[in-house]
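For reference, model.pdb is printed below; it contains PDB, C-alpha atoms.
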ATOM      1  CA  MET A   1     113.271 182.259 103.361
ATOM      2  CA  PHE A   2     114.302 178.828 102.128
ATOM      3  CA  ARG A   3     114.926 177.243  98.767
ATOM      4  CA  VAL A   4     113.983 173.577  98.554
ATOM      5  CA  THR A   5     115.049 171.487  95.588
ATOM      6  CA  ARG A   6     113.653 168.145  94.546
ATOM      7  CA  ARG A   7     115.333 165.976  91.928
ATOM      8  CA  TYR A   8     113.499 163.825  89.354
ATOM      9  CA  GLU A   9     114.644 161.650  86.475
ATOM     10  CA  PHE A  10     113.047 160.514  83.261
ATOM     11  CA  ALA A  11     114.235 158.974  80.014
ATOM     12  CA  ALA A  12     113.144 160.393  76.663
ATOM     13  CA  SER A  13     114.421 160.710  73.133
ATOM     14  CA  HIS A  14     114.774 163.630  70.780
ATOM     15  CA  ARG A  15     116.296 164.734  67.526
ATOM     16  CA  LEU A  16     117.654 168.246  67.047
ATOM     17  CA  HIS A  17     116.527 169.385  63.642
ATOM     18  CA  ALA A  18     115.364 172.869  62.697
ATOM     19  CA  ALA A  19     112.588 172.702  60.079
ATOM     20  CA  GLN A  20     113.604 176.071  58.613
ATOM     21  CA  LEU A  21     117.113 174.836  57.760
ATOM     22  CA  GLY A  22     118.313 172.390  55.093
ATOM     23  CA  GLU A  23     119.788 168.923  55.745
ATOM     24  CA  GLU A  24     123.376 170.071  55.420
ATOM     25  CA  GLU A  25     122.911 173.085  57.622
ATOM     26  CA  ASN A  26     121.188 170.964  60.310
ATOM     27  CA  GLN A  27     124.014 168.440  60.180
ATOM     28  CA  ARG A  28     126.612 171.184  60.542
ATOM     29  CA  LEU A  29     124.703 172.905  63.349
ATOM     30  CA  TYR A  30     123.639 169.957  65.507
ATOM     31  CA  GLY A  31     126.204 167.303  64.542
ATOM     32  CA  LYS A  32     125.421 163.860  65.966
ATOM     33  CA  CYS A  33     122.332 165.267  67.722
ATOM     34  CA  ASN A  34     120.835 165.555  64.210
ATOM     35  CA  ASN A  35     120.951 161.753  63.667
ATOM     36  CA  PRO A  36     117.668 161.011  61.796
ATOM     37  CA  TYR A  37     116.679 158.228  64.217
ATOM     38  CA  GLY A  38     117.104 160.409  67.283
ATOM     39  CA  HIS A  39     118.842 159.500  70.521
ATOM     40  CA  GLY A  40     117.967 159.230  74.198
ATOM     41  CA  HIS A  41     118.852 160.974  77.431
ATOM     42  CA  ASN A  42     118.319 160.181  81.073
ATOM     43  CA  TYR A  43     117.215 163.682  81.945
ATOM     44  CA  VAL A  44     117.723 164.814  85.545
ATOM     45  CA  VAL A  45     115.334 167.610  86.404
ATOM     46  CA  GLU A  46     115.703 169.677  89.561
ATOM     47  CA  VAL A  47     112.712 171.760  90.608
ATOM     48  CA  SER A  48     113.519 174.533  93.108
ATOM     49  CA  VAL A  49     110.850 176.305  95.108
ATOM     50  CA  ARG A  50     111.122 179.200  97.503
ATOM     51  CA  GLY A  51     109.176 180.004 100.627
ATOM     52  CA  PRO A  52     109.013 180.645 104.354
ATOM     53  CA  LEU A  53     108.415 177.845 106.827
ATOM     54  CA  ASP A  54     104.842 176.702 107.348
ATOM     55  CA  GLU A  55     103.414 175.356 110.613
ATOM     56  CA  THR A  56     104.951 171.918 109.863
ATOM     57  CA  GLY A  57     108.476 173.404 109.826
ATOM     58  CA  ARG A  58     108.780 172.985 106.061
ATOM     59  CA  ALA A  59     108.878 175.367 103.118
ATOM     60  CA  VAL A  60     107.062 172.885 100.872
ATOM     61  CA  ASP A  61     105.249 169.584 101.251
ATOM     62  CA  PRO A  62     107.378 167.314  99.010
ATOM     63  CA  GLN A  63     104.397 165.046  98.337
ATOM     64  CA  LEU A  64     102.411 167.901  96.782
ATOM     65  CA  LEU A  65     105.377 168.850  94.604
ATOM     66  CA  ASP A  66     105.907 165.215  93.603
ATOM     67  CA  GLY A  67     102.262 164.943  92.556
ATOM     68  CA  LEU A  68     102.397 168.080  90.437
ATOM     69  CA  VAL A  69     105.670 167.085  88.737
ATOM     70  CA  ALA A  70     104.428 163.532  88.141
ATOM     71  CA  ARG A  71     101.242 164.772  86.445
ATOM     72  CA  GLN A  72     102.715 167.656  84.481
ATOM     73  CA  VAL A  73     106.206 166.436  83.611
ATOM     74  CA  LEU A  74     106.964 162.760  84.216
ATOM     75  CA  GLU A  75     103.734 161.299  82.857
ATOM     76  CA  ARG A  76     103.890 163.639  79.885
ATOM     77  CA  PHE A  77     107.506 163.110  78.812
ATOM     78  CA  ARG A  78     108.692 159.812  80.289
ATOM     79  CA  HIS A  79     109.703 157.305  77.576
ATOM     80  CA  ARG A  80     108.394 159.612  74.862
ATOM     81  CA  ASN A  81     109.899 160.984  71.698
ATOM     82  CA  LEU A  82     109.920 164.700  72.502
ATOM     83  CA  ASN A  83     109.740 165.643  68.808
ATOM     84  CA  GLU A  84     106.259 164.111  68.670
ATOM     85  CA  ASP A  85     104.989 166.196  71.571
ATOM     86  CA  VAL A  86     102.572 168.841  70.356
ATOM     87  CA  ASN A  87     104.489 171.548  72.207
ATOM     88  CA  PHE A  88     107.608 170.798  70.187
ATOM     89  CA  ALA A  89     105.823 170.776  66.830
ATOM     90  CA  SER A  90     107.344 174.118  65.875
ATOM     91  CA  VAL A  91     110.184 174.370  68.422
ATOM     92  CA  VAL A  92     113.336 172.234  68.422
ATOM     93  CA  PRO A  93     113.317 170.049  71.592
ATOM     94  CA  THR A  94     116.658 171.235  72.897
ATOM     95  CA  SER A  95     117.092 171.071  76.659
ATOM     96  CA  GLU A  96     116.731 174.866  76.734
ATOM     97  CA  ASN A  97     113.271 174.576  75.203
ATOM     98  CA  LEU A  98     112.436 171.545  77.343
ATOM     99  CA  ALA A  99     113.331 173.494  80.497
ATOM    100  CA  ALA A 100     111.150 176.408  79.377
ATOM    101  CA  GLU A 101     108.260 174.046  78.581
ATOM    102  CA  ILE A 102     108.526 172.277  81.956
ATOM    103  CA  CYS A 103     108.614 175.657  83.678
ATOM    104  CA  ARG A 104     105.511 176.867  81.813
ATOM    105  CA  ARG A 105     103.610 173.661  82.575
ATOM    106  CA  LEU A 106     104.409 173.879  86.297
ATOM    107  CA  LYS A 107     103.522 177.584  86.469
ATOM    108  CA  ARG A 108     100.238 177.068  84.638
ATOM    109  CA  ASN A 109      99.167 174.388  87.135
ATOM    110  CA  TRP A 110     100.903 175.777  90.219
ATOM    111  CA  SER A 111      97.950 177.368  91.985
ATOM    112  CA  ALA A 112      95.891 174.165  91.785
ATOM    113  CA  ALA A 113      98.576 172.337  93.785
ATOM    114  CA  PHE A 114      99.661 175.316  95.946
ATOM    115  CA  PRO A 115      96.715 177.681  96.401
ATOM    116  CA  GLY A 116      98.479 179.901  98.974
ATOM    117  CA  ALA A 117     101.005 182.709  98.450
ATOM    118  CA  TRP A 118     103.883 180.280  99.113
ATOM    119  CA  PRO A 119     105.828 178.314  98.039
ATOM    120  CA  ARG A 120     106.697 179.827  94.671
ATOM    121  CA  LEU A 121     108.441 178.149  91.781
ATOM    122  CA  GLU A 122     111.989 179.523  91.550
ATOM    123  CA  LYS A 123     113.875 177.608  88.873
ATOM    124  CA  ILE A 124     114.186 174.507  86.752
ATOM    125  CA  ARG A 125     117.545 172.856  86.142
ATOM    126  CA  ILE A 126     117.965 170.080  83.595
ATOM    127  CA  ALA A 127     121.047 167.908  83.262
ATOM    128  CA  GLU A 128     120.890 166.274  79.835
ATOM    129  CA  THR A 129     124.218 164.597  80.613
ATOM    130  CA  PRO A 130     126.449 165.189  83.647
ATOM    131  CA  ARG A 131     128.303 167.793  81.543
ATOM    132  CA  ASN A 132     125.422 169.630  79.844
ATOM    133  CA  ILE A 133     123.249 171.499  82.302
ATOM    134  CA  PHE A 134     120.527 174.073  81.609
ATOM    135  CA  GLU A 135     118.757 176.396  84.022
ATOM    136  CA  ILE A 136     115.802 178.707  83.714
ATOM    137  CA  ARG A 137     114.324 180.976  86.349
ATOM    138  CA  ALA A 138     110.552 180.915  86.724
ATOM    139  CA  ASP A 139     110.370 184.720  86.597
ATOM    140  CA  GLU A 140     112.057 184.664  83.167
ATOM    141  CA  THR A 141     109.442 182.581  81.358
TER     142      THR A 141
ATOM    143  CA  MET B   1     105.755 158.254 107.300
ATOM    144  CA  ALA B   2     108.114 160.932 108.653
ATOM    145  CA  ALA B   3     106.322 160.673 112.014
ATOM    146  CA  ASN B   4     108.232 157.444 112.695
ATOM    147  CA  HIS B   5     111.830 157.738 113.870
ATOM    148  CA  HIS B   6     114.217 157.369 110.974
ATOM    149  CA  GLY B   7     117.725 158.271 109.942
ATOM    150  CA  HIS B   8     119.392 160.211 107.143
ATOM    151  CA  ASN B   9     122.945 160.498 105.971
ATOM    152  CA  TYR B  10     122.830 164.256 105.895
ATOM    153  CA  VAL B  11     125.246 166.059 103.614
ATOM    154  CA  VAL B  12     125.936 169.704 104.390
ATOM    155  CA  GLU B  13     127.509 172.207 101.992
ATOM    156  CA  VAL B  14     128.640 175.556 103.352
ATOM    157  CA  SER B  15     129.337 178.365 100.873
ATOM    158  CA  LEU B  16     131.317 181.496 101.663
ATOM    159  CA  ARG B  17     131.776 184.727  99.746
ATOM    160  CA  GLY B  18     134.819 186.932  99.803
ATOM    161  CA  GLU B  19     137.870 188.298  98.060
ATOM    162  CA  PRO B  20     141.034 186.194  98.123
ATOM    163  CA  ASP B  21     143.645 187.387 100.589
ATOM    164  CA  PRO B  22     146.368 189.159  98.539
ATOM    165  CA  VAL B  23     149.134 187.086 100.158
ATOM    166  CA  THR B  24     147.619 183.638 100.585
ATOM    167  CA  GLY B  25     145.269 183.770  97.591
ATOM    168  CA  MET B  26     142.546 182.194  99.723
ATOM    169  CA  VAL B  27     139.152 183.527 100.797
ATOM    170  CA  LEU B  28     139.461 181.395 103.916
ATOM    171  CA  ASP B  29     141.954 178.737 104.908
ATOM    172  CA  LEU B  30     139.902 175.555 104.413
ATOM    173  CA  LYS B  31     141.645 173.970 107.388
ATOM    174  CA  GLU B  32     140.127 176.715 109.502
ATOM    175  CA  LEU B  33     136.687 176.163 107.920
ATOM    176  CA  LYS B  34     136.957 172.439 108.576
ATOM    177  CA  GLU B  35     137.790 173.071 112.219
ATOM    178  CA  ILE B  36     134.783 175.400 112.605
ATOM    179  CA  LEU B  37     132.454 172.906 110.889
ATOM    180  CA  ASN B  38     133.681 170.033 113.016
ATOM    181  CA  ARG B  39     133.300 172.002 116.227
ATOM    182  CA  GLN B  40     129.980 173.725 115.464
ATOM    183  CA  VAL B  41     128.159 171.090 113.422
ATOM    184  CA  VAL B  42     129.692 167.626 113.241
ATOM    185  CA  ALA B  43     130.556 167.285 116.945
ATOM    186  CA  PRO B  44     127.094 168.250 118.247
ATOM    187  CA  TYR B  45     125.090 166.535 115.452
ATOM    188  CA  ASP B  46     126.911 163.394 114.377
ATOM    189  CA  HIS B  47     125.311 160.087 115.478
ATOM    190  CA  ARG B  48     122.871 161.945 117.700
ATOM    191  CA  PHE B  49     119.135 161.543 117.925
ATOM    192  CA  LEU B  50     118.321 165.098 116.891
ATOM    193  CA  ASN B  51     114.897 165.267 118.572
ATOM    194  CA  TYR B  52     116.245 164.280 122.000
ATOM    195  CA  GLU B  53     119.891 165.187 122.104
ATOM    196  CA  VAL B  54     120.493 168.308 120.018
ATOM    197  CA  PRO B  55     118.763 171.537 121.022
ATOM    198  CA  PRO B  56     116.798 173.321 119.616
ATOM    199  CA  PHE B  57     115.265 170.148 118.129
ATOM    200  CA  ASP B  58     113.738 169.219 121.475
ATOM    201  CA  ARG B  59     111.144 171.894 120.598
ATOM    202  CA  VAL B  60     111.710 172.639 116.869
ATOM    203  CA  ILE B  61     110.793 169.962 114.293
ATOM    204  CA  PRO B  62     114.088 168.759 112.758
ATOM    205  CA  THR B  63     113.094 169.270 109.127
ATOM    206  CA  ALA B  64     115.911 169.868 106.653
ATOM    207  CA  GLU B  65     114.806 173.526 106.586
ATOM    208  CA  ASN B  66     115.177 173.928 110.351
ATOM    209  CA  ILE B  67     118.492 172.061 110.357
ATOM    210  CA  ALA B  68     119.840 174.394 107.666
ATOM    211  CA  ARG B  69     118.789 177.425 109.709
ATOM    212  CA  ASP B  70     120.283 176.045 112.922
ATOM    213  CA  ILE B  71     123.587 175.341 111.176
ATOM    214  CA  TRP B  72     123.531 178.879 109.739
ATOM    215  CA  GLN B  73     123.041 180.315 113.219
ATOM    216  CA  ARG B  74     125.885 178.226 114.625
ATOM    217  CA  LEU B  75     128.297 179.267 111.860
ATOM    218  CA  GLU B  76     127.425 182.883 111.226
ATOM    219  CA  PRO B  77     129.170 184.391 114.270
ATOM    220  CA  GLU B  78     132.457 182.797 113.176
ATOM    221  CA  LEU B  79     132.130 183.391 109.440
ATOM    222  CA  CYS B  80     131.149 187.007 109.203
ATOM    223  CA  ASN B  81     133.990 189.509 109.029
ATOM    224  CA  GLU B  82     135.527 192.062 106.642
ATOM    225  CA  THR B  83     136.931 189.448 104.257
ATOM    226  CA  THR B  84     134.603 186.450 104.504
ATOM    227  CA  ARG B  85     130.859 186.094 104.656
ATOM    228  CA  LEU B  86     128.675 183.074 105.071
ATOM    229  CA  HIS B  87     126.643 182.860 101.847
ATOM    230  CA  SER B  88     124.503 179.725 102.122
ATOM    231  CA  VAL B  89     123.998 176.477 103.961
ATOM    232  CA  ARG B  90     122.768 173.541 101.907
ATOM    233  CA  VAL B  91     121.434 170.429 103.632
ATOM    234  CA  TYR B  92     120.870 167.262 101.617
ATOM    235  CA  GLU B  93     118.368 165.036 103.355
ATOM    236  CA  THR B  94     118.655 162.598 100.442
ATOM    237  CA  ALA B  95     120.311 162.967  97.037
ATOM    238  CA  ASP B  96     116.882 163.933  95.690
ATOM    239  CA  LEU B  97     115.848 166.505  98.300
ATOM    240  CA  TYR B  98     117.870 169.422  99.547
ATOM    241  CA  VAL B  99     117.383 172.816 101.144
ATOM    242  CA  ASP B 100     119.336 176.066 100.728
ATOM    243  CA  TYR B 101     119.234 178.734 103.421
ATOM    244  CA  PHE B 102     120.712 182.172 102.849
ATOM    245  CA  GLY B 103     119.968 183.821 106.190
ATOM    246  CA  GLU B 104     117.344 186.475 106.685
ATOM    247  CA  GLU B 105     119.698 189.352 105.949
ATOM    248  CA  PRO B 106     123.351 189.675 104.937
ATOM    249  CA  CYS B 107     125.628 189.174 107.911
ATOM    250  CA  SER B 108     126.749 192.489 109.343
ATOM    251  CA  ALA B 109     130.512 192.792 109.270
TER     252      ALA B 109
END
Please express what this file holds, its structure, as structure tokens.
Amino acid sequence: MFRVTRRYEFAASHRLHAAQLGEEENQRLYGKCNNPYGHGHNYVVEVSVRGPLDETGRAVDPQLLDGLVARQVLERFRHRNLNEDVNFASVVPTSENLAAEICRRLKRNWSAAFPGAWPRLEKIRIAETPRNIFEIRADET
Amino acid sequence: MAANHHGHNYVVEVSLRGEPDPVTGMVLDLKELKEILNRQVVAPYDHRFLNYEVPPFDRVIPTAENIARDIWQRLEPELCNETTRLHSVRVYETADLYVDYFGEEPCSA
């Protein structure tokens, strides 16, 4: 069994602000990430899949994975304000929630790109900056 | 595209598991690991045309997956004992595509 990881990048902006909390509480909680005009990140997203080798000697066809990620993640979020995305209407677009949303989107559309039993989505890893890194396992969403 | 001959600057990461030796404080002396990696991997692979010069790639397609497994098989006999176990072999084909191989079963010490 192999784990293959493909790395993607996109730029997007967000503002961390919880609607249920007041201005002061948001400022205390999120600090500079609560700046009313938002701020940007060059997100680095790693998508890891798991599987046995197929007849081509690979665990995944990278072109199929690239197509799925382009349609479901890059085209959706690239150069967008994440707060305006319908899926973040009631959830703060932290990188935790972004990772969970990316994972759900890939899982929901997985079988269209990969109709067989393998490969399976294993985990999503998002580096918001080189020092802030978030991971979620596909079997946990 | 991959059917044409082409090159990669492969990067290999080898991970071991184990308890530190009570005297040296090390799981494995990294000088020893370096010597094993040079002898088992770098010497046979480096600057070679994998398909022609490095068995088993005369008959196995040299995908990153198969390279990771071949490196595992070269290293496992030397890195499987009571104190140290080979945990994973990671092969970067590019910075944006890498493979992890964990063996088919834990090495039997």
Using all atoms listed in the file, I'd like a table of the residues in chain B that come within 10 Å of chain A; for each, show the closest atom pair and its distance in Å rounded to one decimal, ordered by chain and ascending number, as JSON lines.
{"residue": "B:Val60", "atom": "CA", "partner": "A:Gly57", "partner_atom": "CA", "distance": 7.8}
{"residue": "B:Ile61", "atom": "CA", "partner": "A:Gly57", "partner_atom": "CA", "distance": 6.1}
{"residue": "B:Pro62", "atom": "CA", "partner": "A:Gly57", "partner_atom": "CA", "distance": 7.9}
{"residue": "B:Thr63", "atom": "CA", "partner": "A:Gly57", "partner_atom": "CA", "distance": 6.2}
{"residue": "B:Ala64", "atom": "CA", "partner": "A:Arg58", "partner_atom": "CA", "distance": 7.8}
{"residue": "B:Glu65", "atom": "CA", "partner": "A:Arg58", "partner_atom": "CA", "distance": 6.1}
{"residue": "B:Asn66", "atom": "CA", "partner": "A:Gly57", "partner_atom": "CA", "distance": 6.7}
{"residue": "B:Ala68", "atom": "CA", "partner": "A:Phe2", "partner_atom": "CA", "distance": 9.0}
{"residue": "B:Arg69", "atom": "CA", "partner": "A:Phe2", "partner_atom": "CA", "distance": 8.9}
{"residue": "B:Arg90", "atom": "CA", "partner": "A:Arg3", "partner_atom": "CA", "distance": 9.2}
{"residue": "B:Val91", "atom": "CA", "partner": "A:Val4", "partner_atom": "CA", "distance": 9.6}
{"residue": "B:Tyr92", "atom": "CA", "partner": "A:Thr5", "partner_atom": "CA", "distance": 9.4}
{"residue": "B:Thr94", "atom": "CA", "partner": "A:Arg6", "partner_atom": "CA", "distance": 9.5}
{"residue": "B:Ala95", "atom": "CA", "partner": "A:Arg7", "partner_atom": "CA", "distance": 7.7}
{"residue": "B:Asp96", "atom": "CA", "partner": "A:Arg7", "partner_atom": "CA", "distance": 4.6}
{"residue": "B:Leu97", "atom": "CA", "partner": "A:Arg6", "partner_atom": "CA", "distance": 4.6}
{"residue": "B:Tyr98", "atom": "CA", "partner": "A:Thr5", "partner_atom": "CA", "distance": 5.3}
{"residue": "B:Val99", "atom": "CA", "partner": "A:Val4", "partner_atom": "CA", "distance": 4.3}
{"residue": "B:Asp100", "atom": "CA", "partner": "A:Arg3", "partner_atom": "CA", "distance": 5.0}
{"residue": "B:Tyr101", "atom": "CA", "partner": "A:Phe2", "partner_atom": "CA", "distance": 5.1}
{"residue": "B:Phe102", "atom": "CA", "partner": "A:Phe2", "partner_atom": "CA", "distance": 7.3}
{"residue": "B:Gly103", "atom": "CA", "partner": "A:Met1", "partner_atom": "CA", "distance": 7.4}
{"residue": "B:Glu104", "atom": "CA", "partner": "A:Met1", "partner_atom": "CA", "distance": 6.7}
{"residue": "B:Glu105", "atom": "CA", "partner": "A:Met1", "partner_atom": "CA", "distance": 9.9}
Answer as a PyMOL selection string, residues within 10 Å of (128.4, 164.2, 105.8) using only C-alpha atoms: chain B and resi 8-13+42+46+91-92
Quick one: write out the picked residues with C-alpha atoms as a PDB file, in the frame of the given file?
ATOM      1  CA  HIS B   8     119.392 160.211 107.143  1.00  0.00           C
ATOM      2  CA  ASN B   9     122.945 160.498 105.971  1.00  0.00           C
ATOM      3  CA  TYR B  10     122.830 164.256 105.895  1.00  0.00           C
ATOM      4  CA  VAL B  11     125.246 166.059 103.614  1.00  0.00           C
ATOM      5  CA  VAL B  12     125.936 169.704 104.390  1.00  0.00           C
ATOM      6  CA  GLU B  13     127.509 172.207 101.992  1.00  0.00           C
ATOM      7  CA  VAL B  42     129.692 167.626 113.241  1.00  0.00           C
ATOM      8  CA  ASP B  46     126.911 163.394 114.377  1.00  0.00           C
ATOM      9  CA  VAL B  91     121.434 170.429 103.632  1.00  0.00           C
ATOM     10  CA  TYR B  92     120.870 167.262 101.617  1.00  0.00           C
TER      11      TYR B  92
END
Return as number ranges by chain the set of residues that the PyMOL selection byres ((chain A and resi 18) around 12) yields on the displayed structure. A: 15-17, 19-30, 33-34, 83, 88-94
On this file, the PyMOL selection byres ((chain A and resi 113) around 10) gives some set of residues; write that set as a tab-separated table (two decimals) with C-alpha atoms, in the frame of the given file.
chain	number	residue	atom	x	y	z
A	64	LEU	CA	102.41	167.90	96.78
A	65	LEU	CA	105.38	168.85	94.60
A	67	GLY	CA	102.26	164.94	92.56
A	68	LEU	CA	102.40	168.08	90.44
A	106	LEU	CA	104.41	173.88	86.30
A	109	ASN	CA	99.17	174.39	87.14
A	110	TRP	CA	100.90	175.78	90.22
A	111	SER	CA	97.95	177.37	91.98
A	112	ALA	CA	95.89	174.16	91.78
A	114	PHE	CA	99.66	175.32	95.95
A	115	PRO	CA	96.72	177.68	96.40
A	116	GLY	CA	98.48	179.90	98.97
Once the PyMOL selection byres ((chain B and resi 14-16) around 9) is applied to the coordinates I shared, what remains selected? I want it as a PyMOL selection string. chain B and resi 12-13+17-18+27-28+37+72+79+84-91
Please indicate the distance in Å from CA of Pro77 (chain B) to CA of Glu122 (chain A), rounded to one decimal place.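 CA of Pro77 (chain B) sits 28.9 Å away from CA of Glu122 (chain A).
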